[in-house]
Every structure is written in C-alpha cells, then in structure tokens.
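Data block for work-v7.cif (mmCIF, C-alpha atoms):
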data_model
#
loop_
_atom_site.group_PDB
_atom_site.id
_atom_site.type_symbol
_atom_site.label_atom_id
_atom_site.label_comp_id
_atom_site.auth_asym_id
_atom_site.auth_seq_id
_atom_site.Cartn_x
_atom_site.Cartn_y
_atom_site.Cartn_z
ATOM 1 C CA MET A 1 168.192 41.203 -43.109
ATOM 2 C CA ALA A 2 165.105 41.681 -41.012
ATOM 3 C CA SER A 3 164.457 45.062 -42.578
ATOM 4 C CA ARG A 4 164.748 43.580 -46.088
ATOM 5 C CA SER A 5 162.236 40.837 -45.174
ATOM 6 C CA CYS A 6 159.859 43.485 -43.870
ATOM 7 C CA LEU A 7 160.232 45.432 -47.107
ATOM 8 C CA TYR A 8 159.392 42.330 -49.166
ATOM 9 C CA ALA A 9 156.361 41.639 -46.973
ATOM 10 C CA PHE A 10 155.196 45.231 -47.349
ATOM 11 C CA LEU A 11 155.507 45.112 -51.140
ATOM 12 C CA LEU A 12 153.609 41.826 -51.276
ATOM 13 C CA LEU A 13 150.840 43.359 -49.155
ATOM 14 C CA LEU A 14 150.587 46.333 -51.504
ATOM 15 C CA ALA A 15 150.379 44.029 -54.500
ATOM 16 C CA PHE A 16 147.664 41.953 -52.841
ATOM 17 C CA GLN A 17 145.640 45.053 -51.898
ATOM 18 C CA SER A 18 145.986 46.390 -55.436
ATOM 19 C CA THR A 19 144.649 43.120 -56.825
ATOM 20 C CA VAL A 20 141.684 43.183 -54.422
ATOM 21 C CA ILE A 21 140.860 46.789 -55.305
ATOM 22 C CA LYS A 22 140.945 46.011 -59.026
ATOM 23 C CA ALA A 23 138.786 42.921 -58.559
ATOM 24 C CA ASN A 24 136.102 44.894 -56.716
ATOM 25 C CA THR A 25 136.147 48.025 -58.866
ATOM 26 C CA VAL A 26 133.480 48.309 -61.557
ATOM 27 C CA VAL A 27 135.067 49.795 -64.664
ATOM 28 C CA LEU A 28 132.457 51.658 -66.708
ATOM 29 C CA LEU A 29 132.691 51.730 -70.478
ATOM 30 C CA PRO A 30 133.129 55.273 -71.860
ATOM 31 C CA GLN A 31 129.559 55.410 -73.168
ATOM 32 C CA CYS A 32 128.238 54.495 -69.701
ATOM 33 C CA ARG A 33 130.026 57.199 -67.709
ATOM 34 C CA PRO A 34 128.290 60.376 -66.493
ATOM 35 C CA VAL A 35 129.144 63.585 -68.335
ATOM 36 C CA PRO A 36 131.056 66.056 -66.099
ATOM 37 C CA ALA A 37 128.813 69.058 -65.417
ATOM 38 C CA GLY A 38 127.843 71.520 -62.710
ATOM 39 C CA THR A 39 124.724 71.416 -60.554
ATOM 40 C CA LEU A 40 122.810 74.072 -62.501
ATOM 41 C CA ALA A 41 123.506 72.380 -65.850
ATOM 42 C CA ARG A 42 122.264 69.067 -64.425
ATOM 43 C CA PHE A 43 119.012 70.607 -63.185
ATOM 44 C CA GLU A 44 118.607 72.324 -66.546
ATOM 45 C CA PHE A 45 118.872 68.909 -68.233
ATOM 46 C CA LEU A 46 116.406 67.385 -65.752
ATOM 47 C CA VAL A 47 113.861 70.130 -66.423
ATOM 48 C CA ASN A 48 113.442 68.827 -69.992
ATOM 49 C CA LEU A 49 112.462 65.405 -68.645
ATOM 50 C CA ILE A 50 110.096 66.734 -65.976
ATOM 51 C CA ILE A 51 108.366 69.028 -68.488
ATOM 52 C CA ALA A 52 107.873 66.025 -70.784
ATOM 53 C CA GLN A 53 106.427 64.001 -67.907
ATOM 54 C CA ALA A 54 104.089 66.808 -66.823
ATOM 55 C CA GLU A 55 102.793 67.419 -70.346
ATOM 56 C CA PHE A 56 102.310 63.720 -71.099
ATOM 57 C CA PHE A 57 100.412 62.985 -67.889
ATOM 58 C CA LEU A 58 98.256 66.120 -67.962
ATOM 59 C CA ARG A 59 97.370 65.889 -71.641
ATOM 60 C CA SER A 60 96.702 62.137 -71.609
ATOM 61 C CA SER A 61 94.569 62.313 -68.447
ATOM 62 C CA ASN A 62 92.223 65.205 -69.288
ATOM 63 C CA GLY A 63 93.760 67.320 -72.046
ATOM 64 C CA THR A 64 95.124 70.118 -69.852
ATOM 65 C CA ARG A 65 98.545 71.799 -70.205
ATOM 66 C CA ILE A 66 101.190 73.042 -67.797
ATOM 67 C CA GLU A 67 100.083 76.594 -68.680
ATOM 68 C CA ASP A 68 96.546 75.764 -67.468
ATOM 69 C CA ILE A 69 97.914 74.810 -64.050
ATOM 70 C CA ALA A 70 100.762 77.294 -63.651
ATOM 71 C CA PRO A 71 100.632 80.218 -66.097
ATOM 72 C CA GLY A 72 104.076 81.639 -66.846
ATOM 73 C CA LEU A 73 105.996 78.614 -65.569
ATOM 74 C CA VAL A 74 106.938 77.237 -69.022
ATOM 75 C CA GLN A 75 106.890 78.374 -72.618
ATOM 76 C CA GLY A 76 107.657 76.685 -75.905
ATOM 77 C CA PRO A 77 106.187 74.714 -78.799
ATOM 78 C CA VAL A 78 102.977 72.729 -78.394
ATOM 79 C CA PRO A 79 103.604 68.959 -78.076
ATOM 80 C CA ILE A 80 102.834 66.825 -81.124
ATOM 81 C CA GLY A 81 100.309 63.993 -80.958
ATOM 82 C CA ALA A 82 99.121 64.443 -77.376
ATOM 83 C CA THR A 83 95.844 62.518 -76.934
ATOM 84 C CA VAL A 84 93.440 61.978 -74.051
ATOM 85 C CA ALA A 85 93.809 58.301 -73.162
ATOM 86 C CA ASN A 86 90.979 55.793 -72.766
ATOM 87 C CA LEU A 87 91.326 55.362 -68.996
ATOM 88 C CA ASP A 88 88.982 54.359 -66.217
ATOM 89 C CA ASN A 89 88.167 57.128 -63.760
ATOM 90 C CA ALA A 90 90.480 55.861 -61.002
ATOM 91 C CA THR A 91 93.493 55.563 -63.312
ATOM 92 C CA ARG A 92 92.703 58.913 -64.916
ATOM 93 C CA GLY A 93 92.683 60.554 -61.502
ATOM 94 C CA VAL A 94 96.088 59.102 -60.576
ATOM 95 C CA ILE A 95 97.693 60.081 -63.885
ATOM 96 C CA ARG A 96 96.345 63.624 -63.501
ATOM 97 C CA GLU A 97 97.764 63.695 -59.958
ATOM 98 C CA PHE A 98 101.182 62.663 -61.267
ATOM 99 C CA GLY A 99 100.994 65.426 -63.894
ATOM 100 C CA LEU A 100 100.146 67.989 -61.244
ATOM 101 C CA ALA A 101 103.017 66.696 -59.089
ATOM 102 C CA ALA A 102 105.442 67.242 -61.977
ATOM 103 C CA VAL A 103 104.264 70.861 -62.231
ATOM 104 C CA GLY A 104 105.005 71.262 -58.517
ATOM 105 C CA ILE A 105 108.475 69.810 -59.048
ATOM 106 C CA LEU A 106 109.157 72.343 -61.807
ATOM 107 C CA ARG A 107 108.089 75.158 -59.488
ATOM 108 C CA ALA A 108 110.353 73.814 -56.746
ATOM 109 C CA ILE A 109 113.307 73.753 -59.169
ATOM 110 C CA VAL A 110 112.661 77.413 -60.009
ATOM 111 C CA ASP A 111 112.426 78.251 -56.292
ATOM 112 C CA GLU A 112 115.553 76.333 -55.214
ATOM 113 C CA THR A 113 117.970 76.873 -58.132
ATOM 114 C CA LEU A 114 119.118 79.742 -60.334
ATOM 115 C CA LEU A 115 116.842 78.611 -63.167
ATOM 116 C CA ARG A 116 114.089 81.124 -63.774
ATOM 117 C CA ALA A 117 110.585 80.993 -65.218
ATOM 118 C CA PRO A 118 109.462 80.703 -67.874
ATOM 119 C CA LEU A 119 111.324 77.433 -68.326
ATOM 120 C CA GLN A 120 111.839 76.522 -71.958
ATOM 121 C CA ARG A 121 109.800 73.565 -73.219
ATOM 122 C CA PRO A 122 111.514 71.481 -75.914
ATOM 123 C CA GLN A 123 109.549 70.171 -78.858
ATOM 124 C CA LEU A 124 107.811 66.986 -77.673
ATOM 125 C CA ASN A 125 106.282 64.165 -79.705
ATOM 126 C CA PHE A 126 103.680 62.004 -77.976
ATOM 127 C CA THR A 127 102.280 60.141 -80.979
ATOM 128 C CA ALA A 128 101.535 56.485 -80.296
ATOM 129 C CA GLU A 129 103.988 55.316 -82.972
ATOM 130 C CA VAL A 130 106.873 57.144 -81.278
ATOM 131 C CA PHE A 131 106.334 55.116 -78.115
ATOM 132 C CA ASN A 132 105.913 51.928 -80.151
ATOM 133 C CA ARG A 133 109.262 52.447 -81.903
ATOM 134 C CA ILE A 134 111.104 53.131 -78.654
ATOM 135 C CA LEU A 135 109.631 50.084 -76.909
ATOM 136 C CA ASN A 136 109.753 47.671 -79.869
ATOM 137 C CA LEU A 137 105.971 47.472 -80.143
ATOM 138 C CA SER A 138 105.681 48.535 -83.791
ATOM 139 C CA GLY A 139 104.199 46.194 -86.372
ATOM 140 C CA MET A 140 101.728 44.532 -84.018
ATOM 141 C CA THR A 141 98.267 43.603 -85.318
ATOM 142 C CA PRO A 142 96.165 45.504 -84.445
ATOM 143 C CA PRO A 143 98.585 48.410 -83.794
ATOM 144 C CA PHE A 144 99.530 48.852 -80.142
ATOM 145 C CA ASN A 145 98.091 52.137 -78.863
ATOM 146 C CA VAL A 146 99.350 53.684 -75.628
ATOM 147 C CA TYR A 147 96.109 55.679 -75.456
ATOM 148 C CA GLY A 148 93.823 52.729 -76.209
ATOM 149 C CA SER A 149 93.266 51.250 -72.731
ATOM 150 C CA PRO A 150 94.473 51.562 -69.128
ATOM 151 C CA THR A 151 96.689 48.471 -69.479
ATOM 152 C CA GLN A 152 98.339 49.660 -72.680
ATOM 153 C CA PHE A 153 98.929 53.059 -71.084
ATOM 154 C CA LEU A 154 100.571 51.503 -68.012
ATOM 155 C CA LEU A 155 102.742 49.187 -70.132
ATOM 156 C CA VAL A 156 104.210 52.141 -72.051
ATOM 157 C CA THR A 157 104.542 54.527 -69.132
ATOM 158 C CA GLU A 158 106.259 52.168 -66.677
ATOM 159 C CA PRO A 159 109.569 51.580 -68.514
ATOM 160 C CA LEU A 160 109.935 55.274 -69.389
ATOM 161 C CA ILE A 161 109.261 56.517 -65.842
ATOM 162 C CA SER A 162 111.551 53.763 -64.507
ATOM 163 C CA SER A 163 114.336 55.133 -66.694
ATOM 164 C CA LEU A 164 113.731 58.597 -65.217
ATOM 165 C CA GLN A 165 113.912 57.125 -61.712
ATOM 166 C CA PHE A 166 117.217 55.419 -62.566
ATOM 167 C CA TYR A 167 118.581 58.721 -63.887
ATOM 168 C CA LEU A 168 117.640 60.432 -60.614
ATOM 169 C CA ALA A 169 119.540 57.721 -58.703
ATOM 170 C CA GLN A 170 122.624 58.787 -60.708
ATOM 171 C CA PHE A 171 121.733 62.484 -60.582
ATOM 172 C CA THR A 172 121.274 63.028 -56.836
ATOM 173 C CA PRO A 173 124.806 62.177 -55.563
ATOM 174 C CA SER A 174 126.327 64.525 -58.169
ATOM 175 C CA ILE A 175 124.471 67.593 -56.878
ATOM 176 C CA ALA A 176 126.356 70.168 -54.785
ATOM 177 C CA GLY A 177 124.715 72.149 -51.977
ATOM 178 C CA ASN A 178 122.460 70.910 -49.187
ATOM 179 C CA ASP A 179 119.291 72.596 -50.448
ATOM 180 C CA GLN A 180 119.801 71.307 -53.982
ATOM 181 C CA GLN A 181 120.619 67.803 -52.734
ATOM 182 C CA GLN A 182 117.434 67.747 -50.685
ATOM 183 C CA LEU A 183 115.505 68.898 -53.751
ATOM 184 C CA ALA A 184 117.069 66.169 -55.889
ATOM 185 C CA ALA A 185 116.360 63.526 -53.244
ATOM 186 C CA GLY A 186 112.720 64.623 -53.015
ATOM 187 C CA ILE A 187 112.281 64.408 -56.772
ATOM 188 C CA GLY A 188 113.854 60.947 -56.795
ATOM 189 C CA LEU A 189 111.576 59.658 -54.030
ATOM 190 C CA THR A 190 108.502 60.954 -55.857
ATOM 191 C CA ALA A 191 109.605 59.224 -59.066
ATOM 192 C CA ALA A 192 110.249 55.966 -57.185
ATOM 193 C CA ALA A 193 106.767 56.062 -55.655
ATOM 194 C CA GLN A 194 105.221 56.589 -59.087
ATOM 195 C CA VAL A 195 107.167 53.661 -60.558
ATOM 196 C CA GLY A 196 105.938 51.561 -57.633
ATOM 197 C CA TYR A 197 102.355 52.433 -58.527
ATOM 198 C CA PHE A 198 102.781 51.437 -62.180
ATOM 199 C CA ARG A 199 104.553 48.167 -61.420
ATOM 200 C CA THR A 200 102.099 47.221 -58.681
ATOM 201 C CA ARG A 201 99.159 47.811 -61.010
ATOM 202 C CA LEU A 202 100.772 45.715 -63.740
ATOM 203 C CA ASN A 203 101.805 42.977 -61.307
ATOM 204 C CA ALA A 204 98.178 42.529 -60.244
ATOM 205 C CA MET A 205 97.450 41.246 -63.770
ATOM 206 C CA VAL A 206 100.901 39.895 -64.605
ATOM 207 C CA ASN A 207 99.707 36.616 -66.162
ATOM 208 C CA SER A 208 96.670 38.059 -67.944
ATOM 209 C CA PRO A 209 96.659 38.659 -71.712
ATOM 210 C CA VAL A 210 96.468 42.274 -72.872
ATOM 211 C CA PRO A 211 93.353 42.614 -75.073
ATOM 212 C CA PRO A 212 93.213 42.400 -78.037
ATOM 213 C CA PHE A 213 96.623 40.658 -78.023
ATOM 214 C CA THR A 214 97.556 37.166 -76.879
ATOM 215 C CA MET A 215 100.723 38.342 -75.097
ATOM 216 C CA THR A 216 100.493 38.576 -71.316
ATOM 217 C CA VAL A 217 101.433 41.580 -69.205
ATOM 218 C CA ALA A 218 104.594 39.705 -68.172
ATOM 219 C CA ASN A 219 105.561 39.183 -71.839
ATOM 220 C CA PHE A 220 105.016 42.852 -72.614
ATOM 221 C CA THR A 221 107.113 44.056 -69.651
ATOM 222 C CA ASN A 222 109.972 41.781 -70.731
ATOM 223 C CA THR A 223 109.719 43.107 -74.303
ATOM 224 C CA THR A 224 109.735 46.768 -73.298
ATOM 225 C CA ALA A 225 112.511 46.310 -70.728
ATOM 226 C CA THR A 226 114.699 44.562 -73.299
ATOM 227 C CA ALA A 227 114.054 47.338 -75.841
ATOM 228 C CA VAL A 228 115.035 50.058 -73.366
ATOM 229 C CA ASN A 229 118.189 48.215 -72.273
ATOM 230 C CA GLN A 230 119.264 47.692 -75.878
ATOM 231 C CA LEU A 231 118.836 51.382 -76.660
ATOM 232 C CA ALA A 232 120.697 52.512 -73.528
ATOM 233 C CA LEU A 233 123.737 50.268 -74.274
ATOM 234 C CA CYS A 234 124.821 49.889 -70.646
ATOM 235 C CA GLY A 235 123.558 46.539 -69.426
ATOM 236 C CA VAL A 236 120.375 45.158 -67.883
ATOM 237 C CA LYS A 237 118.734 47.851 -65.757
ATOM 238 C CA ASN A 238 115.080 47.911 -66.761
ATOM 239 C CA GLU A 239 113.498 44.544 -65.983
ATOM 240 C CA GLY A 240 110.210 42.793 -66.550
ATOM 241 C CA LEU A 241 107.839 41.648 -63.809
ATOM 242 C CA ILE A 242 108.934 38.017 -64.141
ATOM 243 C CA VAL A 243 112.681 37.347 -64.323
ATOM 244 C CA PRO A 244 115.062 34.370 -64.178
ATOM 245 C CA LEU A 245 116.259 33.404 -60.700
ATOM 246 C CA SER A 246 119.648 34.866 -61.603
ATOM 247 C CA LEU A 247 118.039 38.332 -61.703
ATOM 248 C CA GLY A 248 115.637 37.905 -58.773
ATOM 249 C CA ALA A 249 116.284 39.296 -55.294
ATOM 250 C CA GLU A 250 119.089 37.233 -53.722
ATOM 251 C CA ASN A 251 118.639 34.787 -56.643
ATOM 252 C CA ARG A 252 115.685 33.286 -54.771
ATOM 253 C CA THR A 253 112.627 34.650 -56.581
ATOM 254 C CA THR A 254 111.337 35.157 -60.095
ATOM 255 C CA THR A 255 108.845 37.846 -59.100
ATOM 256 C CA ASN A 256 110.187 41.328 -59.669
ATOM 257 C CA VAL A 257 107.818 44.067 -58.550
ATOM 258 C CA VAL A 258 110.726 46.321 -57.527
ATOM 259 C CA THR A 259 113.596 46.453 -60.023
ATOM 260 C CA GLY A 260 117.056 46.348 -58.459
ATOM 261 C CA ASP A 261 120.677 45.523 -59.094
ATOM 262 C CA VAL A 262 122.508 42.508 -57.620
ATOM 263 C CA ASN A 263 122.013 43.984 -54.129
ATOM 264 C CA SER A 264 118.432 45.111 -54.836
ATOM 265 C CA LEU A 265 119.514 48.755 -55.043
ATOM 266 C CA SER A 266 118.045 51.037 -57.676
ATOM 267 C CA PRO A 267 119.986 50.878 -60.951
ATOM 268 C CA ARG A 268 121.470 54.124 -62.294
ATOM 269 C CA ARG A 269 121.288 55.660 -65.733
ATOM 270 C CA THR A 270 123.411 58.512 -67.057
ATOM 271 C CA GLU A 271 122.331 61.435 -69.225
ATOM 272 C CA ARG A 272 123.464 59.697 -72.395
ATOM 273 C CA GLU A 273 121.561 56.526 -71.538
ATOM 274 C CA VAL A 274 118.392 58.560 -71.007
ATOM 275 C CA LEU A 275 118.899 60.373 -74.310
ATOM 276 C CA ARG A 276 119.444 57.125 -76.243
ATOM 277 C CA ILE A 277 116.137 55.833 -74.844
ATOM 278 C CA ALA A 278 114.064 59.004 -75.189
ATOM 279 C CA PHE A 279 115.343 59.624 -78.733
ATOM 280 C CA GLY A 280 114.673 55.998 -79.659
ATOM 281 C CA THR A 281 117.843 56.071 -81.757
ATOM 282 C CA GLY A 282 120.349 54.458 -79.393
ATOM 283 C CA ASN A 283 122.498 57.559 -79.994
ATOM 284 C CA ALA A 284 122.641 60.457 -77.524
ATOM 285 C CA THR A 285 123.533 62.934 -80.278
ATOM 286 C CA ARG A 286 120.856 61.898 -82.794
ATOM 287 C CA PRO A 287 117.493 63.368 -81.706
ATOM 288 C CA GLY A 288 114.175 61.710 -82.392
ATOM 289 C CA GLY A 289 111.407 59.966 -80.524
ATOM 290 C CA ILE A 290 109.944 61.997 -77.676
ATOM 291 C CA PHE A 291 112.428 64.844 -78.301
ATOM 292 C CA PRO A 292 112.548 65.236 -82.120
ATOM 293 C CA SER A 293 114.594 68.469 -81.897
ATOM 294 C CA GLY A 294 116.747 67.483 -78.933
ATOM 295 C CA LEU A 295 116.821 68.971 -75.444
ATOM 296 C CA ILE A 296 117.445 72.492 -74.182
ATOM 297 C CA GLY A 297 120.411 73.486 -72.028
ATOM 298 C CA THR A 298 124.156 73.550 -71.471
ATOM 299 C CA LEU A 299 124.637 69.859 -70.665
ATOM 300 C CA TYR A 300 122.849 68.671 -73.787
ATOM 301 C CA ARG A 301 124.836 71.109 -75.951
ATOM 302 C CA LEU A 302 128.036 69.765 -74.364
ATOM 303 C CA ILE A 303 127.113 66.173 -75.192
ATOM 304 C CA VAL A 304 126.402 67.153 -78.786
ATOM 305 C CA ALA A 305 129.610 69.194 -79.074
ATOM 306 C CA LEU A 306 131.720 66.347 -77.700
ATOM 307 C CA ARG A 307 129.890 63.905 -79.996
ATOM 308 C CA GLN A 308 129.397 61.616 -77.011
ATOM 309 C CA SER A 309 126.908 59.224 -78.534
#
Could the structure of this file be written out as structure tokens, please?
Amino acid sequence: MASRSCLYAFLLLLAFQSTVIKANTVVLLPQCRPVPAGTLARFEFLVNLIIAQAEFFLRSSNGTRIEDIAPGLVQGPVPIGATVANLDNATRGVIREFGLAAVGILRAIVDETLLRAPLQRPQLNFTAEVFNRILNLSGMTPPFNVYGSPTQFLLVTEPLISSLQFYLAQFTPSIAGNDQQQLAAGIGLTAAAQVGYFRTRLNAMVNSPVPPFTMTVANFTNTTATAVNQLALCGVKNEGLIVPLSLGAENRTTTNVVTGDVNSLSPRRTEREVLRIAFGTGNATRPGGIFPSGLIGTLYRLIVALRQS
C-alpha cells in the first residue's frame, strides 16, 4: 500500500514538473525559429551584412569603397544609389570610423574562418527611397532623405544597425569552436557599441522636431521601430526612445536608450527576420530593398530552397 502511495505521489510530481516546464518554455512560431546551419554557412551569411554596413558607412561618409581601404578583400557589383551624406565633421568622422571597423571585421573573418578573399559582394541598393520604404517613411512632404542631414541619417541607420546587433545576439551562441565564438562575440560587442552611439545621439534630442518636419525624434524612432517589427513578423524587438511603462526597464521607466527584452537583455533576430527587414518585403525569400538580388552563400540558398519565408 505504501509503495502504491509513493507511486501516485511520484506521478503527481512528474505531472506538476511537466506543467511548470511548459509554462516557462517559450514556444517559437515556425517563422521565428533559426535555420539549422553550420558555423561556416552562418559566417558566410553574416559577411553579406557586414559588407553592406562597410559600404554604406564608407560611401556615405566620404565616398570611399572597401577596395580603397583593403584591395582584394571583396569583389562584386558596385552598390546602387550610394551618396555622400550631408553630415557635420564630427558625425562624418564617426561614420567613417564605423565603416573602417567593418572592413577590419571582414578581414578578421577571413583570418579566423575558412572563408577566403576576395569575399563576394552582393548587389546593394542604397537609394534614399529604399530606406524610406523599409522604415515606412515614404510619402512624406518634403521627401525624407537619409542623406539630407545628420539627424535624418541617424534615424535611418539606428534601426537597421540595431537589427544587425539583435541578429548577432542570436548568431553567437550557435557558433562552434572557441576561436570562432570569440570572433562572433567581438563582432557582437562592436555592433552593440555602435548602436549605443546612435541611440545616445538621438536621445540627446529626443523631444526636438526633425527639420523640416513637425515630428519629433521620439515620434520617428517609434515609427521606424514599428515598421521593422512588422516586417520581421516576430514580435516587438526594435523599440523607440520613448516607450510605455509596460516596455520600460522593470516597468518603471518610459525612457529607453538601451533596447531590451522583459529582463533588459538584448533581443534576438534570426536570419529570416533580418532578410524580411533588409528586403523590405516581409518575406525572406522575396529579395528587394537593400539586397535587390538576394544574398550570397549556402544558408541563403537553403532558405530559398526550403521556401522559408
């Protein structure tokens, strides 16, 4: 009798533990799950994003290219619509620095992985209207122009670089090998520092209107964050600089210089989320936007072949 009572108690305990596990387990929708892939394929995918970042920052700061900084490191079609931005000297210097840093990251990837130079550059499109469509800034009067002023440049760049940072938060734990993990962690920390710069600059003028528009910086960051989240399809991850208390740190603040989840940890984005944003189509298998011809590499081809939109 005693043994039967113990058996019942044991079964009840198992049932209770199972309920607790289910209650605390986050079940990701299929479109929000990472795509299974090896370390080299993941770095190959990342290279597309870092090349885009390097080209955008270098060309918009002073019109230089990756080839001007590191001959032989990359090859591929010339980006469309790249324009030197109307920036003050201090901002121009920082953006150029970030472009140079991205070139260094590409060199480190070549040094630490089996990927070899020249890395293949995908077709890139940096026209102002591409950014406007992605961030729901089209149709404004006068037209919003990422290259028109330092503030407009920061407003466009911040949500896109934040999305890259969130991808690196997902990317790093999936990497095998100590050297490659250290490389991934270093790239992620650099991206986080850059996002901190953009958000700090914008926060310093958070309640100021953005000339020649009446919308404030806070309004713009909420608009662009909402646009990115809607494209990515996997919940609220990008956030504006002013948020409801329910989204603030510990539900006690509406300021939001550093974006975080419920525990103030960096959100994560998967490859397909990044593609939906960068393409501006909300579909990871329908190229457009910054990458009008898609990306280069095994992981992207797998996503397309599996029709994982």
- Query: Between A:Ala204, A:Ala70, A:Leu114, A:Val78, which one has atoms that come closest to Ala101 (chain A), using only C-alpha atoms?
  - Reply: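 Using only C-alpha atoms, Ala101 (chain A) sits closest to A:Ala70.
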- Item | Who sits within 7 Å of Leu135 (chain A), all atoms listed in the file, same chain under 2 positions skipped, as a ChimeraX atom specification | /A:131-133,137,224,227-228
- Item | Interatomic distance, CA of Arg269 (chain A) to CA of Ser309 (chain A) (Å, one decimal) |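 Rounded to one decimal, the two atoms are 14.4 Å apart.
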- Query: With distances taken over only C-alpha atoms, which of A:Ala52, A:Ile277, A:Val304, A:Val217 is nearest to Ala82 (chain A)?
  - Reply: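 Residue with the minimum atom-to-atom distance to Ala82 (chain A): A:Ala52.
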- Just give me the residues with any atom within 8 Å of (100.9, 53.5, -77.2), file coordinates, counting all atoms listed in the file, written as an MDAnalysis selection string. chainID A and resid 127:129 131:132 144:148 152:153 156
- Query: Exactly which residues make up the result of the PyMOL selection byres ((chain A and resi 80) around 12) on this file, given as a PyMOL selection string?
  - Reply: chain A and resi 52+55-56+59+77-79+81-83+122-130+289-293
- Output check: residues returned by the PyMOL selection byres ((chain A and resi 50) around 9), as JSON, numbers by chain: {"A": [46, 47, 48, 49, 51, 52, 53, 54, 55, 102, 103, 105, 106, 164]}
- Separation of CA of Asn229 (chain A) from CA of Ala191 (chain A) in Å: 19.2 Å
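The coordinates place CA of Phe57 (chain A) at 14.2 Å from CA of Leu155 (chain A).
Considering the residues A:Ile95, A:Ile296, A:Leu100, A:Val258 and counting only C-alpha atoms, Ile66 (chain A) has its shortest atom-to-atom contact with A:Leu100.
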